[in-house]
>>> print(open('final03.json').read())   # JSON, C-alpha atoms
[["chain", "number", "residue", "atom", "x", "y", "z"],
["A", 105, "MET", "CA", 0.00, 0.00, 0.00],
["A", 106, "LYS", "CA", 1.23, 3.51, -0.78],
["A", 107, "VAL", "CA", 0.17, 6.77, 0.84],
["A", 108, "LYS", "CA", 0.83, 10.43, 0.14],
["A", 109, "LYS", "CA", 3.48, 12.13, 2.25],
["A", 110, "GLU", "CA", 0.85, 14.46, 3.73],
["A", 111, "LYS", "CA", -0.73, 11.45, 5.45],
["A", 112, "LEU", "CA", 2.51, 10.53, 7.25],
["A", 113, "TYR", "CA", 4.28, 11.95, 10.28],
["A", 114, "LEU", "CA", 7.22, 10.83, 12.39],
["A", 115, "ARG", "CA", 6.75, 9.61, 15.95],
["A", 116, "SER", "CA", 9.34, 12.18, 17.03],
["A", 117, "LEU", "CA", 8.02, 15.70, 16.52],
["A", 118, "HIS", "CA", 11.52, 17.03, 17.16],
["A", 119, "LEU", "CA", 12.93, 14.91, 14.33],
["A", 120, "GLU", "CA", 10.11, 15.96, 12.01],
["A", 121, "ARG", "CA", 10.71, 19.65, 12.66],
["A", 122, "ASN", "CA", 14.50, 19.54, 12.79],
["A", 123, "PRO", "CA", 15.92, 16.58, 10.82],
["A", 124, "SER", "CA", 19.34, 18.16, 10.24],
["A", 125, "GLU", "CA", 21.13, 16.10, 12.91],
["A", 126, "GLN", "CA", 19.64, 12.86, 11.61],
["A", 127, "LYS", "CA", 20.72, 13.73, 8.08],
["A", 128, "LYS", "CA", 24.34, 13.89, 9.25],
["A", 129, "THR", "CA", 24.39, 10.25, 10.34],
["A", 130, "GLU", "CA", 26.15, 7.59, 8.29],
["A", 131, "LEU", "CA", 23.04, 5.42, 8.24],
["A", 132, "TYR", "CA", 20.93, 8.25, 6.80],
["A", 133, "LYS", "CA", 23.53, 8.88, 4.09],
["A", 134, "LYS", "CA", 23.64, 5.17, 3.21],
["A", 135, "VAL", "CA", 19.85, 4.93, 3.07],
["A", 136, "LYS", "CA", 19.57, 8.03, 0.89],
["A", 137, "ASN", "CA", 22.32, 6.75, -1.43],
["A", 138, "HIS", "CA", 20.59, 3.37, -1.68],
["A", 139, "ILE", "CA", 17.27, 4.98, -2.61],
["A", 140, "GLU", "CA", 18.99, 7.14, -5.21],
["A", 141, "LYS", "CA", 20.81, 4.12, -6.66],
["A", 142, "THR", "CA", 17.80, 1.81, -6.82],
["A", 143, "GLY", "CA", 15.26, 4.50, -7.64],
["A", 144, "SER", "CA", 12.83, 3.26, -5.03],
["A", 145, "ILE", "CA", 12.12, 2.69, -1.37],
["A", 146, "ILE", "CA", 12.19, -1.08, -1.20],
["A", 147, "ASN", "CA", 11.12, -1.72, 2.40],
["A", 148, "PRO", "CA", 7.84, -0.16, 3.49],
["A", 149, "LEU", "CA", 7.64, 2.26, 6.39],
["A", 150, "LEU", "CA", 6.11, 0.52, 9.39],
["A", 151, "VAL", "CA", 3.26, 2.66, 10.65],
["A", 152, "VAL", "CA", 0.25, 2.71, 12.94],
["A", 153, "LYS", "CA", -3.05, 4.30, 11.97],
["A", 154, "ASP", "CA", -3.82, 7.54, 13.81],
["A", 155, "ASN", "CA", -7.25, 8.83, 12.77],
["A", 156, "ASP", "CA", -6.83, 9.76, 9.10],
["A", 157, "LYS", "CA", -3.00, 9.76, 9.22],
["A", 158, "TYR", "CA", -0.21, 7.30, 9.83],
["A", 159, "LYS", "CA", 2.54, 7.58, 12.45],
["A", 160, "VAL", "CA", 5.90, 6.25, 11.22],
["A", 161, "LEU", "CA", 7.31, 3.93, 13.87],
["A", 162, "TYR", "CA", 10.13, 2.43, 11.82],
["A", 163, "GLY", "CA", 11.61, 4.00, 8.72],
["A", 164, "ASN", "CA", 12.58, 7.51, 9.78],
["A", 165, "ASN", "CA", 15.63, 7.51, 7.51],
["A", 166, "ARG", "CA", 13.66, 6.20, 4.53],
["A", 167, "TYR", "CA", 10.96, 8.80, 5.14],
["A", 168, "LEU", "CA", 13.39, 11.73, 5.49],
["A", 169, "ALA", "CA", 15.51, 10.62, 2.52],
["A", 170, "GLY", "CA", 12.39, 10.17, 0.40],
["A", 171, "ILE", "CA", 11.20, 13.67, 1.29],
["A", 172, "GLU", "CA", 14.62, 15.10, 0.43],
["A", 173, "LEU", "CA", 14.63, 13.22, -2.88],
["A", 174, "GLY", "CA", 11.18, 14.52, -3.82],
["A", 175, "TYR", "CA", 9.05, 11.45, -3.16],
["A", 176, "ASP", "CA", 5.34, 12.20, -2.93],
["A", 177, "GLU", "CA", 4.19, 8.68, -1.96],
["A", 178, "PHE", "CA", 5.65, 6.07, 0.34],
["A", 179, "PRO", "CA", 5.12, 2.34, 0.68],
["A", 180, "ILE", "CA", 3.72, 1.50, 4.12],
["A", 181, "GLU", "CA", 2.77, -1.50, 6.19],
["A", 182, "VAL", "CA", 0.14, -0.80, 8.84],
["A", 183, "LEU", "CA", 0.89, -2.60, 12.09],
["A", 184, "LYS", "CA", -1.69, -3.97, 14.46],
["A", 185, "ASN", "CA", -1.10, -3.72, 18.21],
["A", 186, "GLU", "CA", 0.35, -7.22, 18.59],
["A", 187, "GLU", "CA", 2.59, -6.73, 15.54],
["A", 188, "ASN", "CA", 3.89, -3.50, 17.03],
["A", 189, "LYS", "CA", 4.93, -5.31, 20.22],
["A", 190, "THR", "CA", 6.60, -8.07, 18.19],
["A", 191, "ILE", "CA", 8.54, -5.53, 16.17],
["A", 192, "LEU", "CA", 9.60, -3.63, 19.29],
["A", 193, "ASP", "CA", 10.94, -6.90, 20.68],
["A", 194, "ALA", "CA", 12.71, -7.69, 17.40],
["A", 195, "ALA", "CA", 14.24, -4.20, 17.27],
["A", 196, "LYS", "CA", 16.19, -5.05, 20.39],
["A", 197, "ASN", "CA", 18.11, -7.61, 18.30],
["A", 198, "TYR", "CA", 18.26, -5.52, 15.10],
["A", 199, "LYS", "CA", 21.31, -5.92, 12.91],
["A", 200, "GLU", "CA", 22.16, -3.37, 10.28],
["A", 201, "ILE", "CA", 22.52, -4.65, 6.71],
["A", 202, "ASP", "CA", 25.27, -3.46, 4.43],
["A", 203, "LEU", "CA", 23.55, -1.08, 2.02],
["A", 204, "ASP", "CA", 26.76, -0.73, 0.03],
["A", 205, "GLU", "CA", 26.46, -4.33, -1.21],
["A", 206, "THR", "CA", 23.14, -3.88, -3.06]]
>>> encode(input="final03.json", output="structure tokens")
Amino acid sequence: MKVKKEKLYLRSLHLERNPSEQKKTELYKKVKNHIEKTGSIINPLLVVKDNDKYKVLYGNNRYLAGIELGYDEFPIEVLKNEENKTILDAAKNYKEIDLDET
């Protein structure tokens, strides 16, 4: 499923309003470079429904890079409550993939 950028917002209001620090990170630069190279956002943003909008729980770098690159729509996966808990648990064991290899 894809949604317009106007329907999305980050869980961190500070990050949404002032993303400059995030954009300095190596991970952000790798994600942005990967999106530029492939021409798409491969993994959907993981979101929860909030009235008529969606709160981005996982995918801040993809969201910010997409905005910077002019994306108007983003792929999303809407999480249910139990999925959200499962993903929070999995995030504790998260391992970064090498974006330079793709």
>>> closest_residue(input="final03.json", among="A:Asn165, A:Lys141, A:Asp176, A:Asp156", to="Lys128 (chain A)", atoms="only C-alpha atoms")
A:Asn165
>>> residues_around(input="final03.json", residues="Pro123 (chain A)", least_positions_apart="6", cutoff="10 Å", atoms="all atoms listed in the file", output="PyMOL selection string")
chain A and resi 117+164-165+168
>>> atom_distance(input="final03.json", atom1="CA of Asn155 (chain A)", atom2="CA of Leu173 (chain A)")
27.3 Å
>>> closest_atom_pairs(input="final03.json", of="region 116-159 of chain A", to="region 177-181 of chain A", cutoff="7 Å", atoms="all atoms listed in the file", output="tab-separated table")
residue	atom	partner	partner_atom	distance
A:Pro148	CA	A:Ile180	CA	4.5
A:Leu149	CA	A:Ile180	CA	4.6
A:Leu150	CA	A:Glu181	CA	5.0
A:Val151	CA	A:Glu181	CA	6.1
>>> atom_distance(input="final03.json", atom1="CA of Arg121 (chain A)", atom2="CA of Leu183 (chain A)")
24.3 Å
>>> closest_residue(input="final03.json", among="A:Arg166, A:Lys184, A:Lys127, A:Lys159", to="Arg115 (chain A)", atoms="all atoms listed in the file")
A:Lys159
>>> residues_around(input="final03.json", residues="Tyr175 (chain A)", least_positions_apart="3", cutoff="10 Å", atoms="all atoms listed in the file", output="ChimeraX atom specification")
/A:108-109,144-145,167-172,178
>>> atom_distance(input="final03.json", atom1="CA of Ser124 (chain A)", atom2="CA of Met105 (chain A)")
28.4 Å
>>> axis_aligned_box(input="final03.json", around="region 161-168 of chain A", padding_each_side="5 Å", output="lines of an AutoDock Vina configuration file")
center_x = 11.5
center_y = 7.1
center_z = 9.2
size_x = 18.3
size_y = 19.3
size_z = 19.3
>>> closest_residue(input="final03.json", among="A:Ile139, A:Leu114, A:Val182, A:Val107", to="Gly163 (chain A)", atoms="all atoms listed in the file")
A:Leu114
